[in-house]
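Content type mmCIF, C-alpha atoms, from the file model-v2.cif:
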```cif
data_model
loop_
_atom_site.group_PDB
_atom_site.id
_atom_site.type_symbol
_atom_site.label_atom_id
_atom_site.label_comp_id
_atom_site.auth_asym_id
_atom_site.auth_seq_id
_atom_site.Cartn_x
_atom_site.Cartn_y
_atom_site.Cartn_z
ATOM 1 C CA MET A 208 109.600 80.226 116.290
ATOM 2 C CA SER A 209 109.880 80.153 112.495
ATOM 3 C CA ALA A 210 111.036 83.109 110.427
ATOM 4 C CA LYS A 211 107.511 83.474 108.993
ATOM 5 C CA LYS A 212 105.910 83.833 112.433
ATOM 6 C CA SER A 213 108.069 86.220 114.426
ATOM 7 C CA LEU A 214 109.824 89.496 113.734
ATOM 8 C CA SER A 215 113.198 90.390 115.143
ATOM 9 C CA ALA A 216 113.765 93.961 116.260
ATOM 10 C CA GLU A 217 115.903 94.469 113.149
ATOM 11 C CA GLN A 218 113.161 93.108 110.851
ATOM 12 C CA ARG A 219 110.535 95.306 112.533
ATOM 13 C CA ARG A 220 112.732 98.389 111.975
ATOM 14 C CA ALA A 221 113.336 97.400 108.331
ATOM 15 C CA LEU A 222 109.606 96.901 107.786
ATOM 16 C CA LEU A 223 108.594 100.207 109.339
ATOM 17 C CA ALA A 224 111.399 102.197 107.681
ATOM 18 C CA THR A 225 109.593 102.561 104.346
ATOM 19 C CA PRO A 226 106.123 103.492 103.088
ATOM 20 C CA ALA A 227 106.025 100.083 101.383
ATOM 21 C CA GLY A 228 106.554 98.386 104.735
ATOM 22 C CA TRP A 229 103.800 100.415 106.398
ATOM 23 C CA LEU A 230 101.369 99.534 103.618
ATOM 24 C CA ALA A 231 102.397 95.866 103.511
ATOM 25 C CA CYS A 232 101.899 95.475 107.273
ATOM 26 C CA GLY A 233 98.468 97.086 107.087
ATOM 27 C CA PHE A 234 99.535 100.308 108.817
ATOM 28 C CA GLY A 235 100.761 98.291 111.784
ATOM 29 C CA SER A 236 97.884 95.810 112.112
ATOM 30 C CA GLY A 237 100.161 92.993 110.925
ATOM 31 C CA LEU A 238 102.485 93.582 113.869
ATOM 32 C CA ALA A 239 100.099 91.863 116.290
ATOM 33 C CA PRO A 240 101.912 89.095 118.189
ATOM 34 C CA VAL A 241 99.378 86.449 117.075
ATOM 35 C CA ALA A 242 96.628 86.053 114.462
ATOM 36 C CA GLN A 243 98.113 88.690 112.171
ATOM 37 C CA GLY A 244 95.751 87.829 109.316
ATOM 38 C CA THR A 245 92.725 88.192 111.554
ATOM 39 C CA PHE A 246 93.970 91.524 112.909
ATOM 40 C CA GLY A 247 94.659 92.697 109.352
ATOM 41 C CA SER A 248 91.163 91.683 108.250
ATOM 42 C CA LEU A 249 89.620 93.461 111.240
ATOM 43 C CA ALA A 250 91.655 96.594 110.542
ATOM 44 C CA ALA A 251 90.450 96.483 106.919
ATOM 45 C CA LEU A 252 86.877 96.977 108.110
ATOM 46 C CA LEU A 253 87.585 100.520 109.312
ATOM 47 C CA PRO A 254 88.500 102.013 105.918
ATOM 48 C CA TRP A 255 85.834 99.833 104.295
ATOM 49 C CA LEU A 256 83.171 101.729 106.249
ATOM 50 C CA LEU A 257 84.251 104.819 104.287
ATOM 51 C CA LEU A 258 84.946 103.032 100.994
ATOM 52 C CA ARG A 259 81.455 101.525 100.884
ATOM 53 C CA GLU A 260 80.057 105.013 100.291
ATOM 54 C CA LEU A 261 81.856 105.238 96.934
ATOM 55 C CA SER A 262 80.226 104.390 93.636
ATOM 56 C CA LEU A 263 80.868 100.833 92.475
ATOM 57 C CA PRO A 264 83.183 101.857 89.572
ATOM 58 C CA ILE A 265 85.344 103.984 91.888
ATOM 59 C CA TYR A 266 85.382 101.208 94.510
ATOM 60 C CA LEU A 267 86.525 98.688 91.890
ATOM 61 C CA ALA A 268 89.190 101.105 90.614
ATOM 62 C CA LEU A 269 90.492 101.518 94.181
ATOM 63 C CA LEU A 270 90.576 97.727 94.584
ATOM 64 C CA LEU A 271 92.716 97.442 91.435
ATOM 65 C CA LEU A 272 94.969 100.272 92.568
ATOM 66 C CA GLY A 273 95.218 98.732 96.057
ATOM 67 C CA PHE A 274 96.088 95.354 94.547
ATOM 68 C CA GLY A 275 98.851 96.833 92.403
ATOM 69 C CA ALA A 276 100.209 98.834 95.332
ATOM 70 C CA GLY A 277 100.079 95.670 97.443
ATOM 71 C CA VAL A 278 102.101 93.648 94.944
ATOM 72 C CA TRP A 279 104.775 96.367 94.982
ATOM 73 C CA ALA A 280 104.706 96.908 98.765
ATOM 74 C CA CYS A 281 104.780 93.205 99.618
ATOM 75 C CA ASN A 282 107.684 92.693 97.205
ATOM 76 C CA VAL A 283 109.672 95.473 98.882
ATOM 77 C CA ALA A 284 108.731 94.365 102.402
ATOM 78 C CA SER A 285 109.494 90.699 101.731
ATOM 79 C CA ARG A 286 112.974 91.615 100.524
ATOM 80 C CA ALA A 287 113.530 93.879 103.561
ATOM 81 C CA LEU A 288 112.463 91.061 105.915
ATOM 82 C CA GLY A 289 114.299 88.334 104.038
ATOM 83 C CA VAL A 290 111.132 86.187 104.182
ATOM 84 C CA ALA A 291 108.936 85.507 101.134
ATOM 85 C CA ASP A 292 105.459 85.811 102.723
ATOM 86 C CA HIS A 293 105.808 86.832 106.358
ATOM 87 C CA ARG A 294 102.651 86.769 108.480
ATOM 88 C CA SER A 295 103.086 90.461 109.287
ATOM 89 C CA LEU A 296 102.372 91.337 105.628
ATOM 90 C CA VAL A 297 98.609 91.806 105.773
ATOM 91 C CA TRP A 298 97.777 94.249 102.974
ATOM 92 C CA ASP A 299 96.527 91.179 101.105
ATOM 93 C CA GLU A 300 93.948 90.753 103.889
ATOM 94 C CA PHE A 301 92.760 94.325 103.323
ATOM 95 C CA ILE A 302 92.183 93.754 99.613
ATOM 96 C CA GLY A 303 90.710 90.267 100.126
ATOM 97 C CA GLN A 304 88.345 91.561 102.824
ATOM 98 C CA TRP A 305 87.213 94.446 100.626
ATOM 99 C CA ILE A 306 86.504 91.968 97.813
ATOM 100 C CA ALA A 307 84.584 89.698 100.194
ATOM 101 C CA LEU A 308 82.338 92.632 101.158
ATOM 102 C CA LEU A 309 81.558 93.619 97.549
ATOM 103 C CA PRO A 310 78.023 92.130 97.646
ATOM 104 C CA LEU A 311 77.136 94.523 100.465
ATOM 105 C CA LEU A 312 77.654 97.437 98.088
ATOM 106 C CA VAL A 313 74.951 96.286 95.684
ATOM 107 C CA LEU A 314 72.577 94.091 97.667
ATOM 108 C CA PRO A 315 70.460 95.337 100.567
ATOM 109 C CA ALA A 316 71.739 93.705 103.731
ATOM 110 C CA PRO A 317 71.493 94.098 107.505
ATOM 111 C CA TRP A 318 74.543 95.239 109.492
ATOM 112 C CA TRP A 319 75.429 91.730 110.709
ATOM 113 C CA THR A 320 76.302 90.670 107.169
ATOM 114 C CA ILE A 321 79.563 92.612 107.593
ATOM 115 C CA ALA A 322 80.489 90.039 110.258
ATOM 116 C CA ALA A 323 79.382 87.245 107.920
ATOM 117 C CA GLY A 324 81.616 88.620 105.140
ATOM 118 C CA PHE A 325 84.505 88.890 107.588
ATOM 119 C CA ALA A 326 84.011 85.298 108.782
ATOM 120 C CA LEU A 327 83.660 83.915 105.259
ATOM 121 C CA PHE A 328 86.840 85.638 104.137
ATOM 122 C CA ARG A 329 88.780 84.333 107.138
ATOM 123 C CA LEU A 330 87.382 80.836 106.504
ATOM 124 C CA PHE A 331 88.539 80.750 102.867
ATOM 125 C CA ASP A 332 91.850 82.441 103.688
ATOM 126 C CA VAL A 333 92.704 79.856 106.366
ATOM 127 C CA TRP A 334 91.127 76.780 104.733
ATOM 128 C CA LYS A 335 92.619 77.550 101.298
ATOM 129 C CA PRO A 336 90.520 75.271 99.076
ATOM 130 C CA TRP A 337 91.675 74.757 95.487
ATOM 131 C CA PRO A 338 92.824 76.946 93.682
ATOM 132 C CA ILE A 339 93.767 79.156 96.649
ATOM 133 C CA ARG A 340 96.240 76.639 98.100
ATOM 134 C CA TRP A 341 97.712 76.002 94.640
ATOM 135 C CA LEU A 342 98.249 79.740 94.076
ATOM 136 C CA ASP A 343 99.670 80.176 97.590
ATOM 137 C CA ARG A 344 102.301 77.494 96.931
ATOM 138 C CA ARG A 345 103.258 78.360 93.362
ATOM 139 C CA VAL A 346 103.025 82.118 92.835
ATOM 140 C CA LYS A 347 105.944 83.954 94.412
ATOM 141 C CA GLY A 348 106.891 87.529 95.270
ATOM 142 C CA GLY A 349 104.420 90.301 95.938
ATOM 143 C CA MET A 350 101.962 88.744 93.483
ATOM 144 C CA GLY A 351 102.092 85.510 95.477
ATOM 145 C CA VAL A 352 101.382 87.351 98.721
ATOM 146 C CA MET A 353 98.357 89.070 97.189
ATOM 147 C CA VAL A 354 96.719 86.672 94.739
ATOM 148 C CA ASP A 355 95.575 83.898 97.096
ATOM 149 C CA ASP A 356 93.725 86.434 99.257
ATOM 150 C CA VAL A 357 92.087 87.960 96.193
ATOM 151 C CA VAL A 358 90.687 84.534 95.297
ATOM 152 C CA ALA A 359 89.691 83.860 98.932
ATOM 153 C CA GLY A 360 87.876 87.212 98.888
ATOM 154 C CA ALA A 361 86.117 86.288 95.638
ATOM 155 C CA PHE A 362 84.990 82.941 97.090
ATOM 156 C CA ALA A 363 83.709 84.693 100.213
ATOM 157 C CA ALA A 364 81.894 87.299 98.091
ATOM 158 C CA ILE A 365 80.180 84.593 96.041
ATOM 159 C CA VAL A 366 78.995 82.718 99.144
ATOM 160 C CA LEU A 367 77.866 85.975 100.807
ATOM 161 C CA ALA A 368 75.976 87.042 97.673
ATOM 162 C CA LEU A 369 74.285 83.632 97.408
ATOM 163 C CA GLY A 370 73.310 83.808 101.077
ATOM 164 C CA LEU A 371 71.853 87.288 100.642
ATOM 165 C CA TYR A 372 70.017 86.248 97.493
ATOM 166 C CA LEU A 373 68.530 83.132 99.126
ATOM 167 C CA GLN A 374 67.535 85.134 102.204
ATOM 168 C CA ARG A 375 65.297 87.434 100.137
#
```
Since I need it in another form, could you write the structure as structure tokens?
Amino acid sequence: MSAKKSLSAEQRRALLATPAGWLACGFGSGLAPVAQGTFGSLAALLPWLLLRELSLPIYLALLLLGFGAGVWACNVASRALGVADHRSLVWDEFIGQWIALLPLLVLPAPWWTIAAGFALFRLFDVWKPWPIRWLDRRVKGGMGVMVDDVVAGAFAAIVLALGLYLQR
């Protein structure tokens, strides 16, 4: 198995030894044996249920703070693992998922649209249409880990918002 897909016992200890590692691996959700990104995105829904009650300016401020913390944490964790963008680093999925669900904070929507936002984010995160794939290949470090998922989240949010608007 490639270095980006599996964690040795030593890497797991290094990752969990610091607060940065805990944040970068999505509080443990990125330690799933398979589909780490999907598990990270699912785990992101739990805090989102609380975050959605915040005012939009506070929500956006927390997204910015979470992004900055993610760049730092993923930088630290990547160095500790010795792998640039290991699959276990899923804080980017948290931020991307929270961006994808932004339309649900301002547009009236039934409960199932949470699942639609989740699916759209996973679609764009896996498919990586331009410029997501370009960013994924060219931007390095913690910023590289985070930025492609931010754009995938934005794409998902746009499609979700259009779907909600057209449904009215």
Once the PyMOL selection byres ((chain A and resi 308-319) around 9) has been evaluated on this model, what residues remain selected, and can you format them as a PyMOL selection string?
chain A and resi 255+259-263+303-307+320-325+328+360-361+363-365+367-368+371-372
Please save C-alpha atoms of the selected residues as a PDB file, in the coordinates of the input.
```pdb
ATOM      1  CA  TRP A 255      85.834  99.833 104.295  1.00  0.00           C
ATOM      2  CA  ARG A 259      81.455 101.525 100.884  1.00  0.00           C
ATOM      3  CA  GLU A 260      80.057 105.013 100.291  1.00  0.00           C
ATOM      4  CA  LEU A 261      81.856 105.238  96.934  1.00  0.00           C
ATOM      5  CA  SER A 262      80.226 104.390  93.636  1.00  0.00           C
ATOM      6  CA  LEU A 263      80.868 100.833  92.475  1.00  0.00           C
ATOM      7  CA  GLY A 303      90.710  90.267 100.126  1.00  0.00           C
ATOM      8  CA  GLN A 304      88.345  91.561 102.824  1.00  0.00           C
ATOM      9  CA  TRP A 305      87.213  94.446 100.626  1.00  0.00           C
ATOM     10  CA  ILE A 306      86.504  91.968  97.813  1.00  0.00           C
ATOM     11  CA  ALA A 307      84.584  89.698 100.194  1.00  0.00           C
ATOM     12  CA  THR A 320      76.302  90.670 107.169  1.00  0.00           C
ATOM     13  CA  ILE A 321      79.563  92.612 107.593  1.00  0.00           C
ATOM     14  CA  ALA A 322      80.489  90.039 110.258  1.00  0.00           C
ATOM     15  CA  ALA A 323      79.382  87.245 107.920  1.00  0.00           C
ATOM     16  CA  GLY A 324      81.616  88.620 105.140  1.00  0.00           C
ATOM     17  CA  PHE A 325      84.505  88.890 107.588  1.00  0.00           C
ATOM     18  CA  PHE A 328      86.840  85.638 104.137  1.00  0.00           C
ATOM     19  CA  GLY A 360      87.876  87.212  98.888  1.00  0.00           C
ATOM     20  CA  ALA A 361      86.117  86.288  95.638  1.00  0.00           C
ATOM     21  CA  ALA A 363      83.709  84.693 100.213  1.00  0.00           C
ATOM     22  CA  ALA A 364      81.894  87.299  98.091  1.00  0.00           C
ATOM     23  CA  ILE A 365      80.180  84.593  96.041  1.00  0.00           C
ATOM     24  CA  LEU A 367      77.866  85.975 100.807  1.00  0.00           C
ATOM     25  CA  ALA A 368      75.976  87.042  97.673  1.00  0.00           C
ATOM     26  CA  LEU A 371      71.853  87.288 100.642  1.00  0.00           C
ATOM     27  CA  TYR A 372      70.017  86.248  97.493  1.00  0.00           C
TER      28      TYR A 372
END
```
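With only C-alpha atoms as the atoms that count, the residue of A:Tyr266, A:Leu223, A:Gly277, A:Met350 with the shortest distance to Phe301 (chain A) is A:Gly277.
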Determine the residue set returned by the PyMOL selection byres ((chain A and resi 281) around 7) for the present structure, and present it as JSON, numbers by chain.
{"A": [231, 277, 278, 279, 280, 282, 283, 284, 285, 296, 349, 352]}
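The gap separating CA of Ala221 (chain A) from CA of Gly275 (chain A) is 21.5 Å, in Å to one decimal.
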What does the distance between CA of Ala251 (chain A) and CA of Ile339 (chain A) come to in Å, to one decimal place?
20.4 Å
What separation in Å, quoted to one decimal, exists between CA of Ala326 (chain A) and CA of Ala291 (chain A)?
26.1 Å
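Shortest atom-to-atom contact with Val333 (chain A) among A:Leu288, A:Ala242, A:Leu249, A:Leu270: A:Ala242, counting all atoms listed in the file.
For Ala250 (chain A), the set of protein, DNA and RNA residues having any atom at most 9 Å away, when counting only C-alpha atoms and skipping those fewer than 3 positions along the same chain, is Gly233, Phe234, Ser236, Thr245, Phe246, Gly247, Leu253, Pro254 and Phe301 of chain A.
You can rank A:Ala268, A:Val357, A:Leu214, A:Leu327 by their closest distance to Gly370 (chain A) using all atoms listed in the file, and at the top of that list sits A:Leu327.
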The PyMOL selection byres ((chain A and resi 220) around 12) - which residues does that actually catch in the file I just gave you? List them as a PyMOL selection string.
chain A and resi 214-219+221-225+228-229+235+238+284+287-288
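Within the 10 Å cut-off around Val241 (chain A), using all atoms listed in the file and omitting residues fewer than 4 positions from it on the same chain, the listed residues are Lys212, Ser213, Gly237, Thr245, Phe246, Arg294 and Ser295 of chain A.
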Only C-alpha atoms, please: the residues just picked out, written as a tab-separated table (two decimals), keeping the file's coordinate frame.
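So again09.tsv came out as:
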```
chain	number	residue	atom	x	y	z
A	212	LYS	CA	105.91	83.83	112.43
A	213	SER	CA	108.07	86.22	114.43
A	237	GLY	CA	100.16	92.99	110.92
A	245	THR	CA	92.72	88.19	111.55
A	246	PHE	CA	93.97	91.52	112.91
A	294	ARG	CA	102.65	86.77	108.48
A	295	SER	CA	103.09	90.46	109.29
```
Please define a box with edges along x, y and z of the file around all atoms of region 269-272 of chain A given in the file, extend it by 8 Å on each side, and return its centre and edge lengths in Å to one decimal, as JSON.
```
{"center_x": 92.7, "center_y": 99.5, "center_z": 93.0, "size_x": 20.5, "size_y": 20.1, "size_z": 19.1}
```
Fewer than 5 positions away in the same chain doesn't count, so skip those; otherwise give me all residues within 7 Å of Asp356 (chain A), counting all atoms listed in the file, as an NGL selection string.
:A and (299-300 or 303 or 332)
Have a look at A:Ala239, A:Ala276, A:Leu330, A:Gly348 and name the one nearest to Val290 (chain A); count all atoms listed in the file.
A:Gly348
